[in-house]
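Raw contents of structure_3.pdb, PDB, C-alpha atoms:
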MODEL        1
ATOM      1  CA  MET A1021      47.992 -87.016-154.629  1.00  0.00           C
ATOM      2  CA  TRP A1022      50.296 -88.562-152.000  1.00  0.00           C
ATOM      3  CA  LYS A1023      47.398 -89.078-149.604  1.00  0.00           C
ATOM      4  CA  ILE A1024      45.427 -91.032-152.217  1.00  0.00           C
ATOM      5  CA  LEU A1025      48.452 -93.176-153.102  1.00  0.00           C
ATOM      6  CA  PHE A1026      49.338 -93.925-149.482  1.00  0.00           C
ATOM      7  CA  GLU A1027      45.732 -94.737-148.540  1.00  0.00           C
ATOM      8  CA  PHE A1028      45.394 -97.071-151.522  1.00  0.00           C
ATOM      9  CA  ALA A1029      48.694 -98.832-150.781  1.00  0.00           C
ATOM     10  CA  ASP A1030      47.823 -99.134-147.093  1.00  0.00           C
ATOM     11  CA  ARG A1031      44.553-100.891-147.932  1.00  0.00           C
ATOM     12  CA  LEU A1032      46.273-103.083-150.508  1.00  0.00           C
ATOM     13  CA  PHE A1033      48.904-104.213-148.015  1.00  0.00           C
ATOM     14  CA  SER A1034      46.181-105.013-145.478  1.00  0.00           C
ATOM     15  CA  ILE A1035      45.092-108.021-147.577  1.00  0.00           C
ATOM     16  CA  VAL A1036      48.575-109.561-147.548  1.00  0.00           C
ATOM     17  CA  PRO A1037      47.926-112.929-145.812  1.00  0.00           C
ATOM     18  CA  VAL A1038      51.061-112.964-143.623  1.00  0.00           C
ATOM     19  CA  LYS A1039      51.017-110.253-140.939  1.00  0.00           C
ATOM     20  CA  LYS A1040      54.799-109.824-140.737  1.00  0.00           C
ATOM     21  CA  TRP A1041      54.921-109.248-144.506  1.00  0.00           C
ATOM     22  CA  CYS A1042      52.115-106.724-144.221  1.00  0.00           C
ATOM     23  CA  ASP A1043      53.905-104.902-141.388  1.00  0.00           C
ATOM     24  CA  PHE A1044      57.184-104.966-143.326  1.00  0.00           C
ATOM     25  CA  LEU A1045      55.604-103.411-146.439  1.00  0.00           C
ATOM     26  CA  ARG A1046      53.831-100.734-144.429  1.00  0.00           C
ATOM     27  CA  LYS A1047      57.080 -99.801-142.697  1.00  0.00           C
ATOM     28  CA  LYS A1048      59.400-100.087-145.706  1.00  0.00           C
ATOM     29  CA  VAL A1049      57.198 -98.619-148.443  1.00  0.00           C
ATOM     30  CA  LEU A1050      54.842 -96.341-146.510  1.00  0.00           C
ATOM     31  CA  PHE A1051      57.218 -95.338-143.677  1.00  0.00           C
ATOM     32  CA  ASP A1052      54.655 -96.334-141.005  1.00  0.00           C
ATOM     33  CA  TYR A1053      52.211 -93.821-142.482  1.00  0.00           C
ATOM     34  CA  ARG A1054      49.174 -95.269-140.683  1.00  0.00           C
ATOM     35  CA  CYS A1055      50.899 -95.400-137.287  1.00  0.00           C
ATOM     36  CA  LYS A1056      52.149 -91.825-137.649  1.00  0.00           C
ATOM     37  CA  LEU A1057      48.749 -90.554-138.739  1.00  0.00           C
ATOM     38  CA  ASN A1058      47.128 -92.228-135.725  1.00  0.00           C
ATOM     39  CA  ALA A1059      49.788 -90.744-133.440  1.00  0.00           C
ATOM     40  CA  LEU A1060      48.975 -87.284-134.776  1.00  0.00           C
ATOM     41  CA  ARG A1061      45.258 -87.933-134.268  1.00  0.00           C
ATOM     42  CA  HIS A1062      45.929 -88.861-130.630  1.00  0.00           C
ATOM     43  CA  ALA A1063      47.934 -85.690-130.042  1.00  0.00           C
ATOM     44  CA  ARG A1064      45.666 -83.264-131.929  1.00  0.00           C
ATOM     45  CA  PRO A1065      42.110 -84.690-132.010  1.00  0.00           C
ATOM     46  CA  GLU A1066      40.593 -81.252-132.614  1.00  0.00           C
ATOM     47  CA  LEU A1067      42.010 -81.016-136.151  1.00  0.00           C
ATOM     48  CA  ASN A1068      39.894 -81.621-139.257  1.00  0.00           C
ATOM     49  CA  PHE A1069      41.613 -84.702-140.679  1.00  0.00           C
ATOM     50  CA  ARG A1070      39.043 -85.054-143.472  1.00  0.00           C
ATOM     51  CA  LYS A1071      40.716 -82.172-145.297  1.00  0.00           C
ATOM     52  CA  MET A1072      44.243 -83.360-144.569  1.00  0.00           C
ATOM     53  CA  ARG A1073      46.815 -83.296-147.367  1.00  0.00           C
ATOM     54  CA  LEU A1074      50.016 -85.325-147.412  1.00  0.00           C
ATOM     55  CA  ALA A1075      53.421 -84.326-148.786  1.00  0.00           C
ATOM     56  CA  LYS A1076      56.610 -86.349-148.990  1.00  0.00           C
ATOM     57  CA  GLY A1077      59.966 -84.641-148.633  1.00  0.00           C
ATOM     58  CA  GLY A1078      63.456 -86.066-148.847  1.00  0.00           C
ATOM     59  CA  GLY A1079      63.429 -87.516-145.351  1.00  0.00           C
ATOM     60  CA  SER A1080      60.010 -86.700-143.964  1.00  0.00           C
ATOM     61  CA  LEU A1081      56.274 -87.144-144.254  1.00  0.00           C
ATOM     62  CA  VAL A1082      54.353 -83.882-143.947  1.00  0.00           C
ATOM     63  CA  PHE A1083      50.725 -83.764-142.839  1.00  0.00           C
ATOM     64  CA  ILE A1084      49.076 -80.490-143.929  1.00  0.00           C
ATOM     65  CA  ILE A1085      45.895 -79.671-142.025  1.00  0.00           C
ATOM     66  CA  GLY A1086      44.300 -76.238-142.264  1.00  0.00           C
ATOM     67  CA  ASP A1087      46.952 -73.593-141.721  1.00  0.00           C
ATOM     68  CA  ASN A1088      49.366 -75.944-139.948  1.00  0.00           C
ATOM     69  CA  THR A1089      51.908 -78.495-141.124  1.00  0.00           C
ATOM     70  CA  PHE A1090      53.189 -81.445-139.093  1.00  0.00           C
ATOM     71  CA  LYS A1091      56.434 -83.064-140.161  1.00  0.00           C
ATOM     72  CA  VAL A1092      57.690 -86.461-138.994  1.00  0.00           C
ATOM     73  CA  ARG A1093      60.738 -88.390-140.160  1.00  0.00           C
ATOM     74  CA  LYS A1094      60.262 -91.315-142.554  1.00  0.00           C
ATOM     75  CA  GLN A1095      62.778 -93.438-140.688  1.00  0.00           C
ATOM     76  CA  VAL A1096      62.663 -93.043-136.915  1.00  0.00           C
ATOM     77  CA  HIS A1097      65.814 -92.859-134.823  1.00  0.00           C
ATOM     78  CA  GLU A1098      64.159 -91.127-131.937  1.00  0.00           C
ATOM     79  CA  SER A1099      66.988 -89.607-129.892  1.00  0.00           C
ATOM     80  CA  LYS A1100      68.958 -88.501-132.960  1.00  0.00           C
ATOM     81  CA  GLU A1101      65.952 -86.938-134.689  1.00  0.00           C
ATOM     82  CA  PHE A1102      64.763 -85.235-131.514  1.00  0.00           C
ATOM     83  CA  THR A1103      68.172 -83.556-131.242  1.00  0.00           C
ATOM     84  CA  ARG A1104      67.948 -82.509-134.900  1.00  0.00           C
ATOM     85  CA  PHE A1105      64.519 -80.958-134.307  1.00  0.00           C
ATOM     86  CA  ILE A1106      65.765 -79.066-131.251  1.00  0.00           C
ATOM     87  CA  ASN A1107      68.785 -77.695-133.128  1.00  0.00           C
ATOM     88  CA  GLU A1108      66.640 -76.603-136.084  1.00  0.00           C
ATOM     89  CA  LYS A1109      64.305 -74.775-133.715  1.00  0.00           C
ATOM     90  CA  ARG A1110      67.208 -73.119-131.890  1.00  0.00           C
ATOM     91  CA  ILE A1111      68.789 -71.887-135.130  1.00  0.00           C
ATOM     92  CA  THR A1112      65.572 -70.536-136.652  1.00  0.00           C
ATOM     93  CA  ASP A1113      64.535 -68.852-133.397  1.00  0.00           C
ATOM     94  CA  ALA A1114      67.954 -67.200-133.101  1.00  0.00           C
ATOM     95  CA  ILE A1115      68.301 -65.826-136.634  1.00  0.00           C
ATOM     96  CA  ARG A1116      64.637 -64.877-137.220  1.00  0.00           C
ATOM     97  CA  PRO A1117      65.084 -61.345-135.810  1.00  0.00           C
ATOM     98  CA  PHE A1118      67.832 -60.651-138.366  1.00  0.00           C
ATOM     99  CA  CYS A1119      65.785 -61.613-141.454  1.00  0.00           C
ATOM    100  CA  ALA A1120      63.085 -59.728-143.344  1.00  0.00           C
ATOM    101  CA  ILE A1121      61.841 -62.903-145.068  1.00  0.00           C
ATOM    102  CA  GLU A1122      59.565 -65.054-142.927  1.00  0.00           C
ATOM    103  CA  ILE A1123      61.044 -68.151-141.280  1.00  0.00           C
ATOM    104  CA  PRO A1124      58.733 -70.817-139.786  1.00  0.00           C
ATOM    105  CA  LYS A1125      58.302 -70.812-136.025  1.00  0.00           C
ATOM    106  CA  ILE A1126      58.681 -74.409-134.843  1.00  0.00           C
ATOM    107  CA  ASN A1127      56.881 -76.184-132.023  1.00  0.00           C
ATOM    108  CA  PHE A1128      57.595 -79.856-131.434  1.00  0.00           C
ATOM    109  CA  PHE A1129      55.885 -82.638-129.532  1.00  0.00           C
ATOM    110  CA  THR A1130      55.946 -86.431-129.225  1.00  0.00           C
ATOM    111  CA  SER A1131      53.083 -88.878-129.611  1.00  0.00           C
ATOM    112  CA  ASP A1132      53.246 -92.691-129.604  1.00  0.00           C
ATOM    113  CA  ASN A1133      57.062 -92.513-129.734  1.00  0.00           C
ATOM    114  CA  PHE A1134      57.074 -90.333-132.858  1.00  0.00           C
ATOM    115  CA  THR A1135      58.454 -86.801-132.767  1.00  0.00           C
ATOM    116  CA  PHE A1136      56.497 -84.236-134.791  1.00  0.00           C
ATOM    117  CA  TYR A1137      57.276 -80.651-135.424  1.00  0.00           C
ATOM    118  CA  GLU A1138      54.526 -78.189-136.140  1.00  0.00           C
ATOM    119  CA  THR A1139      54.728 -74.938-138.069  1.00  0.00           C
ATOM    120  CA  ALA A1140      52.176 -72.477-139.345  1.00  0.00           C
ATOM    121  CA  ARG A1141      51.852 -72.719-143.118  1.00  0.00           C
ATOM    122  CA  ILE A1142      53.583 -69.897-144.990  1.00  0.00           C
ATOM    123  CA  PRO A1143      51.327 -68.693-147.825  1.00  0.00           C
ATOM    124  CA  GLY A1144      52.449 -68.887-151.416  1.00  0.00           C
ATOM    125  CA  LYS A1145      53.794 -71.370-153.913  1.00  0.00           C
ATOM    126  CA  MET A1146      57.199 -73.013-154.172  1.00  0.00           C
ATOM    127  CA  LEU A1147      59.476 -71.100-156.531  1.00  0.00           C
ATOM    128  CA  VAL A1148      60.549 -74.308-158.296  1.00  0.00           C
ATOM    129  CA  ASP A1149      56.918 -74.915-159.288  1.00  0.00           C
ATOM    130  CA  ILE A1150      56.616 -71.538-161.034  1.00  0.00           C
ATOM    131  CA  PRO A1151      57.020 -71.640-164.854  1.00  0.00           C
ATOM    132  CA  THR A1152      60.588 -70.935-166.017  1.00  0.00           C
ATOM    133  CA  HIS A1153      59.649 -67.923-168.143  1.00  0.00           C
ATOM    134  CA  LYS A1154      57.980 -66.233-165.160  1.00  0.00           C
ATOM    135  CA  ILE A1155      60.998 -66.827-162.904  1.00  0.00           C
ATOM    136  CA  LYS A1156      63.283 -65.333-165.558  1.00  0.00           C
ATOM    137  CA  LYS A1157      61.010 -62.294-165.908  1.00  0.00           C
ATOM    138  CA  HIS A1158      61.298 -61.593-162.163  1.00  0.00           C
ATOM    139  CA  GLN A1159      64.804 -63.005-161.663  1.00  0.00           C
ATOM    140  CA  LYS A1160      66.473 -59.740-160.670  1.00  0.00           C
ATOM    141  CA  GLN A1161      63.776 -58.981-158.091  1.00  0.00           C
ATOM    142  CA  ILE A1162      64.044 -62.493-156.640  1.00  0.00           C
ATOM    143  CA  SER A1163      67.842 -62.399-156.598  1.00  0.00           C
ATOM    144  CA  LYS A1164      67.890 -59.034-154.804  1.00  0.00           C
ATOM    145  CA  GLN A1165      65.559 -60.328-152.113  1.00  0.00           C
ATOM    146  CA  LEU A1166      67.586 -63.520-151.666  1.00  0.00           C
ATOM    147  CA  ALA A1167      70.859 -61.579-151.612  1.00  0.00           C
ATOM    148  CA  GLU A1168      69.603 -59.280-148.856  1.00  0.00           C
ATOM    149  CA  PHE A1169      68.368 -62.288-146.900  1.00  0.00           C
ATOM    150  CA  ILE A1170      71.752 -64.067-147.182  1.00  0.00           C
ATOM    151  CA  TYR A1171      73.650 -60.845-146.434  1.00  0.00           C
ATOM    152  CA  LYS A1172      71.786 -60.055-143.211  1.00  0.00           C
ATOM    153  CA  LYS A1173      71.921 -63.677-142.096  1.00  0.00           C
ATOM    154  CA  SER A1174      75.628 -63.942-142.897  1.00  0.00           C
ATOM    155  CA  PHE A1175      76.497 -61.128-140.518  1.00  0.00           C
ATOM    156  CA  ALA A1176      74.231 -62.349-137.740  1.00  0.00           C
ATOM    157  CA  ASP A1177      76.105 -63.900-134.837  1.00  0.00           C
ATOM    158  CA  PRO A1178      73.577 -64.751-132.110  1.00  0.00           C
ATOM    159  CA  LYS A1179      75.371 -65.870-128.977  1.00  0.00           C
ATOM    160  CA  GLU A1180      72.616 -68.267-127.894  1.00  0.00           C
ATOM    161  CA  ILE A1181      73.624 -70.767-130.621  1.00  0.00           C
ATOM    162  CA  GLU A1182      77.384 -70.328-130.368  1.00  0.00           C
ATOM    163  CA  ASP A1183      77.679 -73.926-129.147  1.00  0.00           C
ATOM    164  CA  LEU A1184      76.237 -75.238-132.447  1.00  0.00           C
ATOM    165  CA  LYS A1185      79.192 -74.011-134.472  1.00  0.00           C
ATOM    166  CA  THR A1186      80.948 -77.178-135.596  1.00  0.00           C
ATOM    167  CA  ILE A1187      83.844 -75.432-137.360  1.00  0.00           C
ATOM    168  CA  PRO A1188      86.063 -72.532-136.268  1.00  0.00           C
ATOM    169  CA  THR A1189      84.662 -69.053-136.849  1.00  0.00           C
ATOM    170  CA  THR A1190      86.106 -67.540-140.047  1.00  0.00           C
ATOM    171  CA  SER A1191      85.226 -64.643-142.328  1.00  0.00           C
ATOM    172  CA  GLY A1192      84.041 -67.084-144.997  1.00  0.00           C
ATOM    173  CA  CYS A1193      81.498 -68.870-142.769  1.00  0.00           C
ATOM    174  CA  SER A1194      78.063 -67.988-141.495  1.00  0.00           C
ATOM    175  CA  TRP A1195      74.704 -69.491-140.553  1.00  0.00           C
ATOM    176  CA  VAL A1196      73.486 -71.201-143.719  1.00  0.00           C
ATOM    177  CA  HIS A1197      70.151 -72.767-144.689  1.00  0.00           C
ATOM    178  CA  GLY A1198      71.982 -75.061-147.097  1.00  0.00           C
ATOM    179  CA  ASP A1199      69.032 -76.370-149.127  1.00  0.00           C
ATOM    180  CA  MET A1200      67.023 -73.368-150.313  1.00  0.00           C
ATOM    181  CA  CYS A1201      66.482 -74.614-153.883  1.00  0.00           C
ATOM    182  CA  SER A1202      63.196 -76.401-153.171  1.00  0.00           C
ATOM    183  CA  ASN A1203      62.220 -74.382-150.108  1.00  0.00           C
ATOM    184  CA  ILE A1204      61.609 -70.827-151.349  1.00  0.00           C
ATOM    185  CA  MET A1205      57.966 -69.735-151.128  1.00  0.00           C
ATOM    186  CA  VAL A1206      56.724 -66.889-153.335  1.00  0.00           C
ATOM    187  CA  ASN A1207      53.522 -64.999-153.987  1.00  0.00           C
ATOM    188  CA  PRO A1208      52.689 -66.344-157.481  1.00  0.00           C
ATOM    189  CA  LYS A1209      51.111 -63.022-158.511  1.00  0.00           C
ATOM    190  CA  THR A1210      53.809 -60.593-157.369  1.00  0.00           C
ATOM    191  CA  MET A1211      56.730 -63.093-157.269  1.00  0.00           C
ATOM    192  CA  VAL A1212      57.774 -61.617-153.920  1.00  0.00           C
ATOM    193  CA  ILE A1213      59.369 -64.177-151.609  1.00  0.00           C
ATOM    194  CA  THR A1214      57.029 -64.923-148.707  1.00  0.00           C
ATOM    195  CA  GLY A1215      59.208 -67.337-146.724  1.00  0.00           C
ATOM    196  CA  ILE A1216      62.050 -69.839-146.554  1.00  0.00           C
ATOM    197  CA  ILE A1217      60.961 -73.227-145.166  1.00  0.00           C
ATOM    198  CA  ASP A1218      62.590 -76.505-144.043  1.00  0.00           C
ATOM    199  CA  TRP A1219      65.730 -75.562-142.106  1.00  0.00           C
ATOM    200  CA  GLU A1220      66.608 -79.168-141.351  1.00  0.00           C
ATOM    201  CA  TRP A1221      70.145 -78.908-142.775  1.00  0.00           C
ATOM    202  CA  ALA A1222      70.897 -75.432-141.423  1.00  0.00           C
ATOM    203  CA  GLY A1223      74.196 -74.906-139.685  1.00  0.00           C
ATOM    204  CA  TYR A1224      77.370 -72.861-139.435  1.00  0.00           C
ATOM    205  CA  LYS A1225      79.081 -73.484-142.776  1.00  0.00           C
ATOM    206  CA  GLU A1226      80.855 -71.799-145.680  1.00  0.00           C
ATOM    207  CA  THR A1227      78.639 -68.980-146.962  1.00  0.00           C
ATOM    208  CA  ASN A1228      79.330 -70.117-150.543  1.00  0.00           C
ATOM    209  CA  LYS A1229      77.266 -73.242-149.831  1.00  0.00           C
ATOM    210  CA  GLU A1230      74.174 -71.036-149.651  1.00  0.00           C
ATOM    211  CA  PHE A1231      74.556 -70.026-153.301  1.00  0.00           C
ATOM    212  CA  ARG A1232      75.219 -73.590-154.411  1.00  0.00           C
ATOM    213  CA  GLY A1233      72.156 -74.665-152.446  1.00  0.00           C
ATOM    214  CA  LEU A1234      69.977 -72.413-154.623  1.00  0.00           C
ATOM    215  CA  VAL A1235      70.447 -74.722-157.606  1.00  0.00           C
ATOM    216  CA  ARG A1236      71.979 -77.888-156.175  1.00  0.00           C
ATOM    217  CA  VAL A1237      69.123 -80.318-156.738  1.00  0.00           C
ATOM    218  CA  ARG A1238      67.179 -78.695-159.589  1.00  0.00           C
ATOM    219  CA  LYS A1239      68.449 -78.506-163.183  1.00  0.00           C
ATOM    220  CA  LYS A1240      65.708 -75.973-163.839  1.00  0.00           C
ATOM    221  CA  MET A1241      67.316 -73.521-161.415  1.00  0.00           C
ATOM    222  CA  GLN A1242      70.784 -74.300-162.762  1.00  0.00           C
ATOM    223  CA  LYS A1243      69.680 -73.342-166.271  1.00  0.00           C
ATOM    224  CA  ILE A1244      68.078 -70.141-165.002  1.00  0.00           C
ATOM    225  CA  GLY A1245      71.297 -69.293-163.138  1.00  0.00           C
ATOM    226  CA  LEU A1246      69.646 -68.099-159.946  1.00  0.00           C
ATOM    227  CA  ASP A1247      72.836 -68.764-157.982  1.00  0.00           C
ATOM    228  CA  LYS A1248      74.909 -66.470-160.218  1.00  0.00           C
ATOM    229  CA  THR A1249      72.498 -63.536-160.205  1.00  0.00           C
ATOM    230  CA  THR A1250      71.976 -63.830-156.449  1.00  0.00           C
ATOM    231  CA  ARG A1251      75.729 -63.917-155.827  1.00  0.00           C
ATOM    232  CA  THR A1252      76.143 -60.781-157.963  1.00  0.00           C
ATOM    233  CA  GLU A1253      73.535 -58.920-155.888  1.00  0.00           C
ATOM    234  CA  TYR A1254      75.099 -60.218-152.679  1.00  0.00           C
ATOM    235  CA  GLU A1255      78.554 -58.947-153.669  1.00  0.00           C
ATOM    236  CA  LYS A1256      77.062 -55.504-154.359  1.00  0.00           C
ATOM    237  CA  LEU A1257      75.829 -55.408-150.760  1.00  0.00           C
ATOM    238  CA  VAL A1258      79.180 -56.606-149.394  1.00  0.00           C
ATOM    239  CA  ASN A1259      81.110 -54.014-151.413  1.00  0.00           C
ATOM    240  CA  LYS A1260      78.980 -51.207-150.018  1.00  0.00           C
TER     241      LYS A1260
ENDMDL
END
Rewritten as structure tokens:
Amino acid sequence: MWKILFEFADRLFSIVPVKKWCDFLRKKVLFDYRCKLNALRHARPELNFRKMRLAKGGGSLVFIIGDNTFKVRKQVHESKEFTRFINEKRITDAIRPFCAIEIPKINFFTSDNFTFYETARIPGKMLVDIPTHKIKKHQKQISKQLAEFIYKKSFADPKEIEDLKTIPTTSGCSWVHGDMCSNIMVNPKTMVITGIIDWEWAGYKETNKEFRGLVRVRKKMQKIGLDKTTRTEYEKLVNK
């Protein structure tokens, strides 16, 4: 859907008679979609762009081609975003060995002054897109899997990312994803979690923020109470 909308708008803006207005609209409304797509074409000409899909996240455009995804920021502040990409890669690389749930392996590259990061697509469907009644039916199973994931991650302390801790080490802090609500992938048939994606806001924070992040931006998840059931399962693991 996003690809069709962006292509239509891009063609519509092309007939604007004043070039600077056209350029402004393409940058402001479409986030330089055409320039970023061309930059990706230059960097990866072997890809089948005819079957490309486009997604739009909170701060990024995501080009989905085959089994790979390529994310680029909507608004480009090159040095700042490059640092963010590096830190996300460092964190996910460091904590991956501690987690049973799959975490994307990130590769990044630059093309035409845009920084992209590439990950292999994790199979499944976003949990928030699953019907409410089905989530409730499998809620305990999902909560147990999330609780184990948070538990193992909370007690991981990889030394290679020690320098990324922005607050003093305390018993109430750990490495946190921070925005899991819309980034949990599940097998829609078995409802088993297949991966946790988009670690852009990961960092060393209060562990409680991980539970709040399970429902923070979705009223659907708040009503289901996924944060409460996951916290209950997590506390069972801690008390053992």
May I have the protein, DNA and RNA residues with any atom at most 12 Å from the point (86.6, -69.2, -144.1), counting only C-alpha atoms, written as a ChimeraX atom specification?
/A:1187-1194,1224-1229
Find the spatial neighbours of region 1118-1125 of chain A, counting all atoms listed in the file, within a cut-off of 10 Å - ignore same-chain residues fewer than 3 positions away - and output them as an MDAnalysis selection string.
chainID A and resid 1109 1112:1115 1137:1142 1165:1166 1168:1178 1205 1212:1219
Return the single residue from A:Lys1154, A:Lys1239, A:Arg1232, A:Lys1040 that is closest to Thr1210 (chain A), with distances computed using all atoms listed in the file.
A:Lys1154
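Put simply, CA of Asp1030 (chain A) is 10.1 Å away from CA of Asp1043 (chain A).
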Give me the residues within 12 Å of region 1086-1096 of chain A as a count of residues only, counting all atoms listed in the file and dropping any in the same chain fewer than 6 places off.
58
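For the atom pair formed by CA of Phe1231 (chain A) and CA of Ile1084 (chain A), the distance is 29.1 Å, given to one decimal.
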Exercise: region 1252-1254 of chain A partners within 7 Å, only C-alpha atoms, chain neighbours under 4 positions left out, as a PyMOL selection string
chain A and resi 1163-1164+1167-1168+1171+1248+1258
Output the residue selection produced by the PyMOL selection byres ((chain A and resi 1238) around 12) on the file above, formatted as a VMD selection string.
chain A and resid 1147 to 1149 1199 to 1203 1232 to 1237 1239 to 1247
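Taking all atoms listed in the file into account, Gly1144 (chain A) lies nearest to A:Ile1204 out of the set A:Phe1083, A:Ile1204, A:Lys1023, A:Ile1035.
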If you take every atom of region 1220-1228 of chain A that the file lists and fit an axis-aligned box around them with 8 Å extra on each side, what centre and edge lengths come out in Å to one decimal, as lines of an AutoDock Vina configuration file?
center_x = 73.7
center_y = -74.1
center_z = -145.0
size_x = 30.2
size_y = 26.2
size_z = 27.1
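Each of A:Met1211, A:Val1196, A:Ile1106, A:Leu1025 was checked against Lys1160 (chain A) using all atoms listed in the file; the smallest atom-to-atom distance is that of A:Met1211.
If you look at CA of Leu1184 (chain A) and CA of Pro1117 (chain A), they are 18.1 Å away from each other.
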Given only C-alpha atoms as the basis, pick out the residue of A:Ile1024, A:Asn1207, A:Ile1181, A:Ser1034 nearest to Trp1195 (chain A).
A:Ile1181
